[in-house]
Number of protein chains: 4
Amino acid sequence: MTTIGFIGLGIMGGPMAANLVRAGFDVTGYNRSPAKIDRLVKVGGRAAATLGDAVRGSDFVISCLPDSPDVEQIALGPDGVFELARPQALYIDMSTIAPATAVRVAEAGRARGIGVLDAPVSGGEKGAIDGILSIMVGGEADDLRMARPVLEAMGTTIVHVGGPGAGQTVKAANQLLCAAGIEAVAEAVVFLEAHSVDPTVALGALAGGLAGSAVLDRRAPDMVARNFRPGFRVNLHHKDMGIVLAAAREAGVSIPLGALAAQLIGVLQAQGHGDLDNTVLLRLVEQMSGRG
Amino acid sequence: MTTIGFIGLGIMGGPMAANLVRAGFDVTGYNRSPAKIDRLVKVGGRAAATLGDAVRGSDFVISCLPDSPDVEQIALGPDGVFELARPQALYIDMSTIAPATAVRVAEAGRARGIGVLDAPVSGGEKGAIDGILSIMVGGEADDLRMARPVLEAMGTTIVHVGGPGAGQTVKAANQLLCAAGIEAVAEAVVFLEAHSVDPTVALGALAGGLAGSAVLDRRAPDMVARNFRPGFRVNLHHKDMGIVLAAAREAGVSIPLGALAAQLIGVLQAQGHGDLDNTVLLRLVEQMSGRG
Amino acid sequence: MTTIGFIGLGIMGGPMAANLVRAGFDVTGYNRSPAKIDRLVKVGGRAAATLGDAVRGSDFVISCLPDSPDVEQIALGPDGVFELARPQALYIDMSTIAPATAVRVAEAGRARGIGVLDAPVSGGEKGAIDGILSIMVGGEADDLRMARPVLEAMGTTIVHVGGPGAGQTVKAANQLLCAAGIEAVAEAVVFLEAHSVDPTVALGALAGGLAGSAVLDRRAPDMVARNFRPGFRVNLHHKDMGIVLAAAREAGVSIPLGALAAQLIGVLQAQGHGDLDNTVLLRLVEQMSGRG
Amino acid sequence: MTTIGFIGLGIMGGPMAANLVRAGFDVTGYNRSPAKIDRLVKVGGRAAATLGDAVRGSDFVISCLPDSPDVEQIALGPDGVFELARPQALYIDMSTIAPATAVRVAEAGRARGIGVLDAPVSGGEKGAIDGILSIMVGGEADDLRMARPVLEAMGTTIVHVGGPGAGQTVKAANQLLCAAGIEAVAEAVVFLEAHSVDPTVALGALAGGLAGSAVLDRRAPDMVARNFRPGFRVNLHHKDMGIVLAAAREAGVSIPLGALAAQLIGVLQAQGHGDLDNTVLLRLVEQMSGRG
């Protein structure tokens, strides 16, 4: 039976690990705060008392952690994945982190004979629970071939987008597009309302044309209704936009729209709205327009 | 037989008038440069020697003109629509102009007993030729009911979005969303390429998620291929963004992303790229990134 | 004795006209709301019952009005300056208006044999009262030579910056620089305070270097003290930035920093802070930073 | 005789160390590439073969290095300042680095009984050679008292702006103000030229008003003449704006104008203009305006 060590059982990692159990894998979970491990045990997983207990002897080690330093520490640090994993183990990092960190981790893994995939996801908490995430995979095709049955327990769209780090690069592009898309719809909604035009009717008229988008289809109704329950939290998007900006800066790419969207999300974060859905950008547009 | 006076037989108006002829209407066309009238005559329309010849006695007067002052002149000016149209005629302006101008024109029409609809379109030259435009209509429901058979000869999606001016307001929102959407995709493509990730594979992976959009589906392939043949020209989008900015300013709405996108389109215009497709924003991102 | 018709006796025009009286000119004032004319009469001026009364027979006609349409109307309109002024009169517009309007007005004047200068001012209400305004003059050198004694009654710095419209162009550049300068200092102050650095000490340390500016010297103390009494009101700066943006757009000049500053001033206006000093940009930076 | 170890003898550090020699201090210099040490020896300094040779036994250790990681390494690393400096030595870092790094270094020094000042400078290469730098000092007042005779050999304006890290915070604010100031003047110059107004005359007219600034006085003439020899290089300003943005982000401060200026400097860097003066922002404004 295939054994998996799963590190990071948070909002995303918890349900992802549970889906692996349901798919018949032998999953040992580790989390800094142990309460979350209990939930995995309840659905049939095992508890690891230490990081090492989740890593040692596992066929796959999967991590789903908040940020680049967390991944560096559990992958490269003492008693970490590359120190304790058995030869030929495969390490799949499903966190959203800096592409440059993903490349560094992949190189360190290769030097130890351990395959590494960067495999960040989109689809949110609901996608994690339902096992219908989109997974953008960077790394070697052979490694992905081995990992595919594991990934298929968590997501429905699994795309190999390039070599090491490419998954994170594509995820960064995704976050840029989402930020710009949400802000654009927020501005359009406030613009329409300020002109006394019903935004629901108007956006409906636009949906089929070149202005159409998934944000318009799936998020605009909640925006018009001022329902900002997450969904995808401002503080996470803020963290991700930091990754986008740094990666653009390192590559010498100018992303003026992305940088502006990052500023606006940063304003929401600074104003204490970190726990609301990122569509609360609408409120910022209203605030800047002296409305509501 | 229903008679229509059609004013403005340019890239959009020409094929729209031709489709009216094909649908069985009796169309008399007027254009400042007469060469374009000949093309209408060839497909079965009539030629008007003066603006008045197109207006007098027509059941419907339709205009499709470059900008707000053109519409004001032919609607409100001497020998114009409101001076010469027969009582109970209906005036449909299908240009993209300032919402405030559309409201003013509608009020002037009502004062003369002439119904007015603002009915800007989206779908581009191809949509005009194929008769599959989307038409956003502002004005009275009764007037739209009368006009619907006429509009259906030119478009497939006809949405009543509100009172006088609402069509133009929705069109402005459309142009804002398109500008932001194209710029965001341009930044994502250059970002991906700068990180050596194949943009076609990457954008394909993103298309089904919240980052998905009509721009991604329909325009990104040409952008990746650096094919910037119009399509929708920079100089028209530049003019339209001027309308968006002015309408936002008048309504006291802050549209930071829209304003930035307008600036970038203005740069393209200033650089002499007015006749290329607006997706040439990609070239600007490259230029600002020291690439290509 | 030299006669002057003065049109527009508001916050700026009132004290400017009074200074002309004090300098020994024979001044006849006109204002839409007559209460302001009384104040001029009290200091020794004459009252005009109509615009024409101020224009007819005057050696100089001076206007100081809110915006471009006001100037166009009193200059070009019926019973206006160009219709009623005596031959060889000189018309000096000291309003802040669009450079393109100033050029149009100058051309119309020349066609009537009337010299025209555009002569907007800086220095604020205090400068107007004290007669120490800076005056940026566009127009013919000969006309300025004639006008100089008049202008010297109102200002201490009188610079001939070019032909017709040049005064307004320079004034627009001035407003751009002031807007950017104030916003930059506002961001620096909040940045310093957020890092627990005393802004007064810090800005003092910077004042002598390349970061030094008149905004830092003259406005920063009030900004640090959160004293936003005008000074120069947001609603006037907002109007002026509209002129700047339109003039840049017409000339095909990209002014990204100016456009952003205009957006931010527009936000203040939309939020209802039009009557505060433009340094209230500091409050907006605080608001966007979740502070104060 | 007071002994000083000086680490980093580049464009700034080289002449600063030479001025210390001239002022009578016993200076031992260390630099990664030894050629620069020779120049110090020629003016009377001593050569250190290793970092340790410059640190051991010195009364003061001064560093002037490119970026935060360099400072962290020589201060905190093995064989570094805190490991080898004698008790009661004072460490003065005159590099421009992240305020947060400066705070961390100061804390590490205090833990070893070594006083630390962050003392970044402004005034450029010329100021370093002439010994007329402005020095912004963060740290304890007692430490500054001890260091003052040393600092006075390098600069004329020495301001104690606050506790540990405050010097770097103020330097960051300085870089923000300079970036915004230069970009604003660049936009004003191109705006004026595009309207056929002589920028030298116009800026002269503005210099005394609220639009006046050190950039206008000292840098505008070279900008108008298109002389972009450094001065202060784009690549250094680009690095510094990275510090500004990160420090603002960490403190939750929104600096939209600073962020935009950083983007534009980033564009110059990406376009390969890193070795030109930062006033080459003017060229970017021209490029974005289709001029020159």
# chains A, B, ... in the order shown; residues from 1 in each chain; ligands from 1

$ residues_around --residues "stretch 231-236 of chain C" --least-positions-apart "6" --cutoff "8 Å" --atoms "only C-alpha atoms" --output "tab-separated table (two decimals) with N, CA and C atoms, in the first residue's frame"
chain	number	residue	atom	x	y	z
C	124	GLY	N	-1.96	81.50	-4.07
C	124	GLY	CA	-3.11	81.29	-3.21
C	124	GLY	C	-3.77	82.58	-2.74
C	125	GLU	N	-4.76	82.40	-1.89
C	125	GLU	CA	-5.55	83.51	-1.36
C	125	GLU	C	-4.64	84.52	-0.66
C	265	ILE	N	-6.58	62.79	-5.75
C	265	ILE	CA	-7.31	64.02	-5.44
C	265	ILE	C	-8.79	63.84	-5.76
C	268	LEU	N	-10.48	62.17	-2.87
C	268	LEU	CA	-10.81	63.13	-1.80
C	268	LEU	C	-12.08	63.90	-2.13
C	269	GLN	N	-12.15	64.34	-3.38
C	269	GLN	CA	-13.33	65.07	-3.84
C	269	GLN	C	-14.58	64.20	-3.69
C	273	HIS	N	-14.37	65.80	0.67
C	273	HIS	CA	-13.37	66.67	1.32
C	273	HIS	C	-12.99	67.86	0.45
C	274	GLY	N	-13.86	68.22	-0.48
C	274	GLY	CA	-13.54	69.27	-1.45
C	274	GLY	C	-13.15	70.61	-0.83
C	275	ASP	N	-13.64	70.87	0.38
C	275	ASP	CA	-13.38	72.18	0.99
C	275	ASP	C	-12.16	72.20	1.91
C	276	LEU	N	-11.48	71.07	2.02
C	276	LEU	CA	-10.26	71.05	2.83
C	276	LEU	C	-9.05	71.37	1.95
C	277	ASP	N	-7.94	71.64	2.60
C	277	ASP	CA	-6.70	71.89	1.88
C	277	ASP	C	-6.26	70.62	1.15
C	278	ASN	N	-5.59	70.80	0.03
C	278	ASN	CA	-5.19	69.62	-0.75
C	278	ASN	C	-4.18	68.74	-0.01

$ select_by_dssp --residues "stretch 124-165 of chain A" --states "helix (DSSP H, G or I)" --output "list in words"
Gly124, Glu125, Lys126, Gly127, Ala128, Ile129, Asp130, Ala141, Asp142, Asp143, Leu144, Arg145, Met146, Ala147, Arg148, Pro149, Val150, Leu151 and Glu152 of chain A

$ residues_around --residues "A:Leu245" --least-positions-apart "3" --cutoff "12 Å" --atoms "only C-alpha atoms" --output "ChimeraX atom specification"
/A:98-99,169,172-173,175-176,238-242,248-263 /B:187-188,191 /D:242,245-246,249,259,262-263,266

$ select_by_dssp --residues "stretch 105-165 of chain C" --states "strand (DSSP E)" --output "PDB file with C-alpha atoms, in the first residue's frame"
ATOM      1  CA  GLY C 115      -4.920  91.793 -27.513  1.00  0.00           C
ATOM      2  CA  VAL C 116      -5.224  88.808 -25.201  1.00  0.00           C
ATOM      3  CA  LEU C 117      -2.954  87.509 -22.470  1.00  0.00           C
ATOM      4  CA  ASP C 118      -3.445  84.327 -20.483  1.00  0.00           C
ATOM      5  CA  VAL C 121      -1.443  82.914 -10.989  1.00  0.00           C
ATOM      6  CA  SER C 122      -0.029  80.915  -8.142  1.00  0.00           C
ATOM      7  CA  LEU C 133       1.268  86.431  -6.633  1.00  0.00           C
ATOM      8  CA  SER C 134       3.391  84.692  -9.253  1.00  0.00           C
ATOM      9  CA  ILE C 135       1.936  85.357 -12.678  1.00  0.00           C
ATOM     10  CA  MET C 136       2.690  83.111 -15.659  1.00  0.00           C
ATOM     11  CA  VAL C 137       1.980  85.031 -18.822  1.00  0.00           C
ATOM     12  CA  GLY C 138       1.302  83.677 -22.312  1.00  0.00           C
ATOM     13  CA  GLY C 155       2.034  90.077  -8.199  1.00  0.00           C
ATOM     14  CA  THR C 156       5.752  90.218  -7.604  1.00  0.00           C
ATOM     15  CA  THR C 157       6.933  87.551 -10.028  1.00  0.00           C
ATOM     16  CA  ILE C 158       5.754  88.108 -13.574  1.00  0.00           C
ATOM     17  CA  VAL C 159       7.243  85.767 -16.147  1.00  0.00           C
ATOM     18  CA  HIS C 160       6.607  85.748 -19.878  1.00  0.00           C
ATOM     19  CA  VAL C 161       6.620  82.020 -20.595  1.00  0.00           C
ATOM     20  CA  GLY C 162       5.619  81.991 -24.275  1.00  0.00           C
TER      21      GLY C 162
END

$ residues_around --residues "stretch 4-12 of chain B" --least-positions-apart "3" --cutoff "6 Å" --atoms "only C-alpha atoms" --output "list in words"
Val27, Thr28, Gly29, Tyr30, Asn31, Ala54, Val55, Ser58, Asp59, Phe60, Val61, Ile62, Ser63, Cys64, Leu65, Glu125 and Ala128 of chain B

$ interface_residues --of "chain A" --to "chain C" --cutoff "10 Å" --atoms "only C-alpha atoms" --output "ChimeraX atom specification"
/A:263-264,266-273,284-291

$ atom_distance --atom1 "atom CA of D:Ala194" --atom2 "atom CA of C:Ala247"
9.9 Å

$ residues_around --residues "B:Arg22" --least-positions-apart "6" --cutoff "9 Å" --atoms "only C-alpha atoms" --output "PyMOL selection string"
chain B and resi 43-44+153

$ write_last_selection --atoms "N, CA, C and O atoms" --output "PDB file, in the first residue's frame"
ATOM      1  N   VAL B  43     -25.612  47.050 -52.652  1.00  0.00           N
ATOM      2  CA  VAL B  43     -26.324  45.912 -52.046  1.00  0.00           C
ATOM      3  C   VAL B  43     -27.824  46.170 -51.953  1.00  0.00           C
ATOM      4  O   VAL B  43     -28.555  45.387 -51.334  1.00  0.00           O
ATOM      5  N   GLY B  44     -28.311  47.289 -52.556  1.00  0.00           N
ATOM      6  CA  GLY B  44     -29.754  47.492 -52.617  1.00  0.00           C
ATOM      7  C   GLY B  44     -30.295  48.659 -51.814  1.00  0.00           C
ATOM      8  O   GLY B  44     -31.513  48.844 -51.728  1.00  0.00           O
ATOM      9  N   ALA B 153     -32.003  42.677 -36.980  1.00  0.00           N
ATOM     10  CA  ALA B 153     -31.324  42.489 -38.260  1.00  0.00           C
ATOM     11  C   ALA B 153     -29.818  42.709 -38.139  1.00  0.00           C
ATOM     12  O   ALA B 153     -29.053  42.351 -39.035  1.00  0.00           O
TER      13      ALA B 153
END

$ atom_distance --atom1 "atom CA of A:Leu51" --atom2 "atom CA of A:Pro78"
10.3 Å

$ residues_around --residues "stretch 211-213 of chain B" --least-positions-apart "5" --cutoff "7 Å" --atoms "only C-alpha atoms" --output "list in words"
Asn174, Leu177, Cys178, Gly212, Ser213 and Ala214 of chain A; Leu206 of chain B

$ write_last_selection --atoms "all heavy atoms" --output "mmCIF file, in the first residue's frame"
data_model
loop_
_atom_site.group_PDB
_atom_site.id
_atom_site.type_symbol
_atom_site.label_atom_id
_atom_site.label_comp_id
_atom_site.auth_asym_id
_atom_site.auth_seq_id
_atom_site.Cartn_x
_atom_site.Cartn_y
_atom_site.Cartn_z
ATOM 1 N N ASN A 174 -1.749 33.186 -12.241
ATOM 2 C CA ASN A 174 -3.156 33.023 -11.875
ATOM 3 C C ASN A 174 -3.583 34.078 -10.862
ATOM 4 O O ASN A 174 -4.634 34.716 -11.003
ATOM 5 C CB ASN A 174 -3.353 31.621 -11.279
ATOM 6 C CG ASN A 174 -4.805 31.317 -10.948
ATOM 7 O OD1 ASN A 174 -5.624 31.125 -11.835
ATOM 8 N ND2 ASN A 174 -5.124 31.290 -9.662
ATOM 9 N N LEU A 177 -3.907 37.476 -12.501
ATOM 10 C CA LEU A 177 -5.121 37.591 -13.316
ATOM 11 C C LEU A 177 -6.362 37.706 -12.429
ATOM 12 O O LEU A 177 -7.271 38.492 -12.726
ATOM 13 C CB LEU A 177 -5.243 36.389 -14.254
ATOM 14 C CG LEU A 177 -4.229 36.344 -15.398
ATOM 15 C CD1 LEU A 177 -4.245 34.967 -16.071
ATOM 16 C CD2 LEU A 177 -4.529 37.428 -16.434
ATOM 17 N N CYS A 178 -6.413 36.947 -11.351
ATOM 18 C CA CYS A 178 -7.580 37.019 -10.465
ATOM 19 C C CYS A 178 -7.674 38.391 -9.798
ATOM 20 O O CYS A 178 -8.758 38.964 -9.698
ATOM 21 C CB CYS A 178 -7.506 35.936 -9.389
ATOM 22 S SG CYS A 178 -7.816 34.287 -10.050
ATOM 23 N N GLY A 212 -16.455 39.253 -20.838
ATOM 24 C CA GLY A 212 -16.869 38.123 -20.013
ATOM 25 C C GLY A 212 -15.699 37.450 -19.312
ATOM 26 O O GLY A 212 -14.585 37.420 -19.823
ATOM 27 N N SER A 213 -15.956 36.921 -18.120
ATOM 28 C CA SER A 213 -14.898 36.267 -17.343
ATOM 29 C C SER A 213 -15.512 35.410 -16.255
ATOM 30 O O SER A 213 -16.684 35.556 -15.900
ATOM 31 C CB SER A 213 -13.992 37.310 -16.700
ATOM 32 O OG SER A 213 -14.709 38.010 -15.689
ATOM 33 N N ALA A 214 -14.679 34.531 -15.720
ATOM 34 C CA ALA A 214 -15.134 33.701 -14.605
ATOM 35 C C ALA A 214 -15.462 34.553 -13.395
ATOM 36 O O ALA A 214 -16.390 34.242 -12.640
ATOM 37 C CB ALA A 214 -14.058 32.669 -14.255
ATOM 38 N N LEU B 206 -4.936 27.612 -16.828
ATOM 39 C CA LEU B 206 -5.665 28.598 -16.020
ATOM 40 C C LEU B 206 -7.089 28.841 -16.508
ATOM 41 O O LEU B 206 -7.927 29.349 -15.760
ATOM 42 C CB LEU B 206 -4.914 29.941 -16.033
ATOM 43 C CG LEU B 206 -3.496 29.930 -15.451
ATOM 44 C CD1 LEU B 206 -2.879 31.313 -15.549
ATOM 45 C CD2 LEU B 206 -3.522 29.458 -14.002
#

$ atom_distance --atom1 "atom CA of C:Thr2" --atom2 "atom CA of C:Phe25"
5.8 Å

$ residues_around --residues "A:Arg226" --least-positions-apart "5" --cutoff "10 Å" --atoms "only C-alpha atoms" --output "ChimeraX atom specification"
/A:220-221,279-280,282-283
